[in-house]
Amino acid sequence: MNSYISELKQFFINEKKHHSYRYTPDGADKFTSSLSERNIPDTERSILRLSWVLEHERPVVLADEKISMIRTVKEIPEILTPEERAMLAIVHRIHELGKVSNINPGYRLLIDSGTEAKREEIMASIVRHKDAQNADAVTYLTGLLAVLDAIESFADRYRQEAERVGNAVVAESFSIIPRKKPETLLQALQFFRLLHFCLWADFTYHNTIGRFDQYMYPYYEADIKNGILDDEQALHLIEEFFISFNKDSDLYPGMQQGDNGQSIVLGGLLPSGKDGYNDLSQLCLKASLELSLIDPKINLRVHKETPKELYEFGTLLTKQGLGFPQYSNDDIVIPALEKWGYSSHHAADYVVAACWEFIIPEVAMDIVNIDALSFLKCIMLALPALPHCENFDDFLAECHVHLNTLVDQICSNTNNIYMEPSPLISLLMSGTIESGKDISKGALYNNYGIHGTGLSSAADSLAALKKYVFEEKSVRKERLLKALDTDFEDDPELFSLLRYDGPKMGNDDDYVDAFGVMLLDWFADALEGRHNDRGGIYRAGTGSAMYYLWHASELGASPDGRRKGEAFACNYSPSLFARTKGPVSLISSFSKAHAKRVANGGPLTLELHDTIFRNPESISKVAGLVKTYMDIGGMQLQLNSVNRDTMIDAQKYPEKYRNLIVRVWGWSGYFVELDTAYQNHIIRRTEFDTCS
């Protein structure tokens, strides 16, 4: 890392000196109520809010920076009052914050044209809709022009500030963009920064980055070919660009800084069938390796022809303790998406959402985290019928009924979703200008994803019931139910048997692994053929998000030896108290599922002791483990380099570990900023010190 990048990192990341520019504009507390008093429609409110925020932003340009822009307005106002939101909630389901989130806007649609050309496109569409007497479309498209006005005006003020402080580089960028197409990679990166900044100012969130190495490659290639940049200069430029993702992220919606959806995808197959990993992909990995920052979060798309060398470079990143890269297997994901109705072209162009879910850039408004199914709850609901079950198949049938019932309830709760309109997002999505409709009302794809939680706990519970209650008959039904009812307080012997000696997923044991496969198949079957009220389908997945704590807190003790309220494993992983033989057995267990049926996303999560990365031979072994998992049919994998002793010490002395980064579920964050429950969960996860 050169001295200039080190200084930028010190200024923005370590010392956070830019925070001194933040303020609360006068009248911010009355903005929302004024919209309500005037009874302004939602779409117009969204445009007015974006314009208001950008007008109140105070441009700040440092003398030597090349990529500029920081947040100065502390909070983005709502467009609805609490009373209006409460009224909406009576007739609508409001998912999360009720805003557009967790999608991949088509940044290239504006970067590759510039706002002037986009304005001409909108004007032509207005003429067509006027001729068709479509007044609603004309009104909406006119609003898009207002969005362009706000962006251009904001950029002009940044150009003026750059000129005032004597920063000719930034001033030159803003003399070209956003009105014209960028002439260089630097200008393209500044254009992206402008759009990304405006998306957050629009109160959309979890704005993903997508296939950056594909849509930015032409600018990089031209600069290298024309001698404007060499590889070292390009690396420093990418590093400065990556720093920009960490400037304002503490202000973004999320659990904490890090939970912000700034996910970048590198490599993978192209629609042509060729591999997309290129020189810019490699520069991004190098930049992330040198910077060691939590954003952007790196996702590597891989496939059967991906060389081991790429896995080895990815493992160097894992060694840094950042919790990424996350790996996704094209050989599983692309066919799965095609089966779900995505075109071959779009499926091949998939990206990763805020955490792990698979989404399509520019054309999809999928809500990939709309709810979650608790596999263990299905088992627990069936337990009262246990005394009446003559054989294990009878009990399985009870579990199956409850799973289908829970899926019915989840799907019925997804109707009539309210989503705030976002004309800015619409500008960055294909088809909006032609149709004259806000993208929040629907896109080419409008599918819903359902997570699946507690899979290993559920599979382990079924295996224990089959073995001890029905096959060996060593545990009477009444004894088991009483022990569960008392949280094992009066039966420590049974607790020890179930918790430590019972069959557990993660040991390549078909006896228990088969139940994991079966439960996922049931889940996929229950969603097969269903359609939501936006015309989309439902996608089953193996992710957990925060539900690994939430769902677990609702359940009592379970037949796998889990006590009341104890957490599930994160994502698609062995239970927290499973004694697994090692990583090789573990990946074998978790490669048996029919992953193409549950490809909403959800990684196998492995915790490796940080000493395992001590030498090149160890790096090669870890890379080989990852490649093996993908080659035998694994869908997705994330690895964490962790040290239990370090994390325990960080709980005692947080001031010494401000920069300790861990993977939480689908995002990486600062350990000392996490709630204690999440800290403790990470500490309890299995920690391997060998790859054998």
# chains A, B, ... in the order shown; residues from 1 in each chain; ligands from 1

$ select_by_dssp --residues "segment 309-343 of chain A" --states "alpha helix (DSSP H)" --output "list of chain:residue names"
A:Glu309, A:Leu310, A:Tyr311, A:Glu312, A:Phe313, A:Gly314, A:Thr315, A:Leu316, A:Leu317, A:Thr318, A:Lys319, A:Asp330, A:Asp331, A:Ile332, A:Val333, A:Ile334, A:Pro335, A:Ala336, A:Leu337, A:Glu338, A:Lys339

$ residues_around --residues "Asn415 of chain A" --least-positions-apart "2" --cutoff "9 Å" --atoms "only C-alpha atoms" --output "list in words"
His92, Arg93, Cys411, Ser412, Asn413, Ile417, Asn532, Asp533 and Arg534 of chain A

$ write_last_selection --atoms "N, CA and C atoms" --output "PDB file, in the first residue's frame"
ATOM      1  N   HIS A  92     -51.440  -3.494   4.307  1.00  0.00           N
ATOM      2  CA  HIS A  92     -50.265  -3.989   3.584  1.00  0.00           C
ATOM      3  C   HIS A  92     -49.327  -4.714   4.539  1.00  0.00           C
ATOM      4  N   ARG A  93     -48.567  -5.648   3.995  1.00  0.00           N
ATOM      5  CA  ARG A  93     -47.402  -6.126   4.737  1.00  0.00           C
ATOM      6  C   ARG A  93     -46.247  -5.200   4.397  1.00  0.00           C
ATOM      7  N   CYS A 411     -46.293 -18.233   3.175  1.00  0.00           N
ATOM      8  CA  CYS A 411     -46.685 -17.722   1.857  1.00  0.00           C
ATOM      9  C   CYS A 411     -47.912 -16.813   1.944  1.00  0.00           C
ATOM     10  N   SER A 412     -48.845 -17.146   2.813  1.00  0.00           N
ATOM     11  CA  SER A 412     -50.042 -16.305   2.937  1.00  0.00           C
ATOM     12  C   SER A 412     -49.712 -14.955   3.557  1.00  0.00           C
ATOM     13  N   ASN A 413     -48.559 -14.874   4.219  1.00  0.00           N
ATOM     14  CA  ASN A 413     -48.147 -13.628   4.866  1.00  0.00           C
ATOM     15  C   ASN A 413     -47.318 -12.745   3.945  1.00  0.00           C
ATOM     16  N   ILE A 417     -47.586  -6.620  -0.476  1.00  0.00           N
ATOM     17  CA  ILE A 417     -46.393  -5.950   0.046  1.00  0.00           C
ATOM     18  C   ILE A 417     -46.406  -4.475  -0.353  1.00  0.00           C
ATOM     19  N   ASN A 532     -46.606 -15.915  -5.977  1.00  0.00           N
ATOM     20  CA  ASN A 532     -46.972 -14.805  -5.097  1.00  0.00           C
ATOM     21  C   ASN A 532     -47.889 -13.839  -5.832  1.00  0.00           C
ATOM     22  N   ASP A 533     -48.355 -12.826  -5.128  1.00  0.00           N
ATOM     23  CA  ASP A 533     -49.342 -11.932  -5.734  1.00  0.00           C
ATOM     24  C   ASP A 533     -48.715 -10.896  -6.665  1.00  0.00           C
ATOM     25  N   ARG A 534     -47.398 -10.973  -6.858  1.00  0.00           N
ATOM     26  CA  ARG A 534     -46.725 -10.122  -7.844  1.00  0.00           C
ATOM     27  C   ARG A 534     -46.370 -10.917  -9.101  1.00  0.00           C
TER      28      ARG A 534
END

$ residues_around --residues "Ser589 of chain A" --least-positions-apart "4" --cutoff "9 Å" --atoms "only C-alpha atoms" --output "PyMOL selection string"
chain A and resi 505-510+513+584-585+593

$ residues_around --residues "Ala463 of chain A" --least-positions-apart "5" --cutoff "10 Å" --atoms "only C-alpha atoms" --output "PyMOL selection string"
chain A and resi 457-458+468-469+502-505+511-516+559-560

$ closest_residue --among "A:Asp42, A:Asp331, A:Glu55, A:Asp490" --to "Pro25 of chain A" --atoms "only C-alpha atoms"
A:Glu55

$ atom_distance --atom1 "atom CA of Gln187 of chain A" --atom2 "atom CA of Val169 of chain A"
9.5 Å

$ select_by_dssp --residues "segment 114-287 of chain A" --states "strand (DSSP E)" --output "VMD selection string"
chain A and resid 263 to 267

$ write_last_selection --atoms "N, CA, C and O atoms" --output "PDB file, in the first residue's frame"
ATOM      1  N   SER A 263     -21.927  -5.551  -1.558  1.00  0.00           N
ATOM      2  CA  SER A 263     -21.404  -6.839  -1.986  1.00  0.00           C
ATOM      3  C   SER A 263     -20.957  -6.762  -3.440  1.00  0.00           C
ATOM      4  O   SER A 263     -21.726  -6.361  -4.317  1.00  0.00           O
ATOM      5  N   ILE A 264     -19.722  -7.158  -3.701  1.00  0.00           N
ATOM      6  CA  ILE A 264     -19.169  -7.127  -5.050  1.00  0.00           C
ATOM      7  C   ILE A 264     -18.926  -8.561  -5.519  1.00  0.00           C
ATOM      8  O   ILE A 264     -18.541  -9.423  -4.729  1.00  0.00           O
ATOM      9  N   VAL A 265     -19.194  -8.820  -6.781  1.00  0.00           N
ATOM     10  CA  VAL A 265     -19.053 -10.168  -7.353  1.00  0.00           C
ATOM     11  C   VAL A 265     -17.949 -10.143  -8.403  1.00  0.00           C
ATOM     12  O   VAL A 265     -17.941  -9.281  -9.292  1.00  0.00           O
ATOM     13  N   LEU A 266     -17.035 -11.097  -8.299  1.00  0.00           N
ATOM     14  CA  LEU A 266     -15.909 -11.171  -9.226  1.00  0.00           C
ATOM     15  C   LEU A 266     -15.873 -12.537  -9.892  1.00  0.00           C
ATOM     16  O   LEU A 266     -16.164 -13.566  -9.262  1.00  0.00           O
ATOM     17  N   GLY A 267     -15.503 -12.531 -11.175  1.00  0.00           N
ATOM     18  CA  GLY A 267     -15.324 -13.777 -11.901  1.00  0.00           C
ATOM     19  C   GLY A 267     -16.630 -14.461 -12.244  1.00  0.00           C
ATOM     20  O   GLY A 267     -17.705 -13.880 -12.216  1.00  0.00           O
TER      21      GLY A 267
END

$ residues_around --residues "Glu566 of chain A" --least-positions-apart "6" --cutoff "12 Å" --atoms "only C-alpha atoms" --output "list in words"
Gly454, Ser457, Asp487, Tyr548, Leu549, Trp550, His551, Ala552, Ser553, Glu554, Leu555, Gly556, Ala557, Ser558, Asp560, Ser575, Leu576, Phe577, Ala677, Asn680, His681 and Arg684 of chain A

$ residues_around --residues "Glu673 of chain A" --least-positions-apart "2" --cutoff "12 Å" --atoms "only C-alpha atoms" --output "VMD selection string"
chain A and resid 250 255 to 259 650 to 651 654 to 655 657 to 662 664 668 to 671 675 to 679

$ write_last_selection --atoms "N, CA and C atoms" --output "short mmCIF file (atom, residue, chain, number, x, y, z; two decimals), in the first residue's frame"
data_model
loop_
_atom_site.label_atom_id
_atom_site.label_comp_id
_atom_site.auth_asym_id
_atom_site.auth_seq_id
_atom_site.Cartn_x
_atom_site.Cartn_y
_atom_site.Cartn_z
N ASP A 250 -21.32 3.80 8.33
CA ASP A 250 -21.86 3.80 9.70
C ASP A 250 -23.22 4.48 9.76
N MET A 255 -27.77 -3.83 10.98
CA MET A 255 -27.51 -4.20 12.37
C MET A 255 -26.41 -3.33 12.98
N GLN A 256 -25.37 -3.08 12.20
CA GLN A 256 -24.26 -2.23 12.61
C GLN A 256 -23.44 -1.96 11.35
N GLN A 257 -22.36 -1.19 11.49
CA GLN A 257 -21.51 -0.95 10.33
C GLN A 257 -21.00 -2.30 9.82
N GLY A 258 -21.16 -2.53 8.54
CA GLY A 258 -20.81 -3.82 7.94
C GLY A 258 -22.03 -4.51 7.38
N ASP A 259 -23.16 -4.37 8.05
CA ASP A 259 -24.41 -4.96 7.55
C ASP A 259 -25.08 -3.95 6.62
N ALA A 650 -11.22 -9.87 23.58
CA ALA A 650 -11.85 -8.65 23.03
C ALA A 650 -13.12 -8.30 23.80
N GLN A 651 -13.82 -9.31 24.31
CA GLN A 651 -14.99 -9.02 25.14
C GLN A 651 -14.60 -8.32 26.43
N PRO A 654 -12.42 -4.37 24.98
CA PRO A 654 -12.80 -3.97 23.62
C PRO A 654 -11.95 -2.85 23.04
N GLU A 655 -11.42 -1.99 23.91
CA GLU A 655 -10.63 -0.86 23.41
C GLU A 655 -9.36 -1.32 22.70
N TYR A 657 -9.28 -3.91 20.65
CA TYR A 657 -9.63 -4.68 19.46
C TYR A 657 -10.63 -3.95 18.58
N ARG A 658 -10.49 -2.67 18.43
CA ARG A 658 -11.46 -1.89 17.66
C ARG A 658 -11.54 -2.34 16.21
N ASN A 659 -10.46 -2.88 15.68
CA ASN A 659 -10.43 -3.26 14.26
C ASN A 659 -10.54 -4.77 14.04
N LEU A 660 -10.94 -5.51 15.08
CA LEU A 660 -11.13 -6.96 14.93
C LEU A 660 -12.41 -7.22 14.13
N ILE A 661 -12.26 -7.87 12.99
CA ILE A 661 -13.38 -8.12 12.07
C ILE A 661 -13.75 -9.59 12.10
N VAL A 662 -15.05 -9.87 12.11
CA VAL A 662 -15.55 -11.25 12.07
C VAL A 662 -16.72 -11.33 11.09
N VAL A 664 -20.43 -12.36 10.57
CA VAL A 664 -21.54 -12.51 11.49
C VAL A 664 -22.54 -13.53 10.94
N SER A 668 -19.72 -9.00 7.25
CA SER A 668 -18.60 -8.90 8.18
C SER A 668 -18.72 -7.59 8.95
N GLY A 669 -18.39 -7.65 10.23
CA GLY A 669 -18.50 -6.45 11.06
C GLY A 669 -17.42 -6.42 12.12
N TYR A 670 -17.37 -5.34 12.86
CA TYR A 670 -16.40 -5.18 13.93
C TYR A 670 -16.91 -5.93 15.17
N PHE A 671 -16.11 -6.87 15.65
CA PHE A 671 -16.53 -7.77 16.72
C PHE A 671 -17.00 -7.02 17.96
N ASP A 675 -23.78 -7.15 19.38
CA ASP A 675 -24.46 -7.52 20.61
C ASP A 675 -23.79 -8.76 21.19
N THR A 676 -23.84 -8.89 22.50
CA THR A 676 -23.17 -10.00 23.18
C THR A 676 -23.65 -11.36 22.66
N ALA A 677 -24.94 -11.46 22.34
CA ALA A 677 -25.48 -12.73 21.86
C ALA A 677 -24.78 -13.16 20.57
N TYR A 678 -24.52 -12.23 19.68
CA TYR A 678 -23.83 -12.57 18.43
C TYR A 678 -22.35 -12.87 18.69
N GLN A 679 -21.73 -12.10 19.59
CA GLN A 679 -20.34 -12.39 19.95
C GLN A 679 -20.21 -13.81 20.48
#

$ atom_distance --atom1 "atom CA of Lys627 of chain A" --atom2 "atom CA of Gly314 of chain A"
11.0 Å

$ residues_around --residues "Glu390 of chain A" --least-positions-apart "4" --cutoff "12 Å" --atoms "only C-alpha atoms" --output "ChimeraX atom specification"
/A:385-386,394-397,469-471,477

$ closest_residue --among "A:Ile209, A:Val127, A:Leu194, A:Cys570" --to "Ile67 of chain A" --atoms "only C-alpha atoms"
A:Leu194

$ atom_distance --atom1 "atom CA of Lys473 of chain A" --atom2 "atom CA of Tyr500 of chain A"
18.5 Å

$ closest_residue --among "A:Gln638, A:Asn643, A:Asn600, A:Ser435" --to "Lys297 of chain A" --atoms "only C-alpha atoms"
A:Gln638

$ closest_residue --among "A:Lys180, A:Lys466, A:Arg614, A:His196" --to "Cys389 of chain A" --atoms "only C-alpha atoms"
A:Lys466
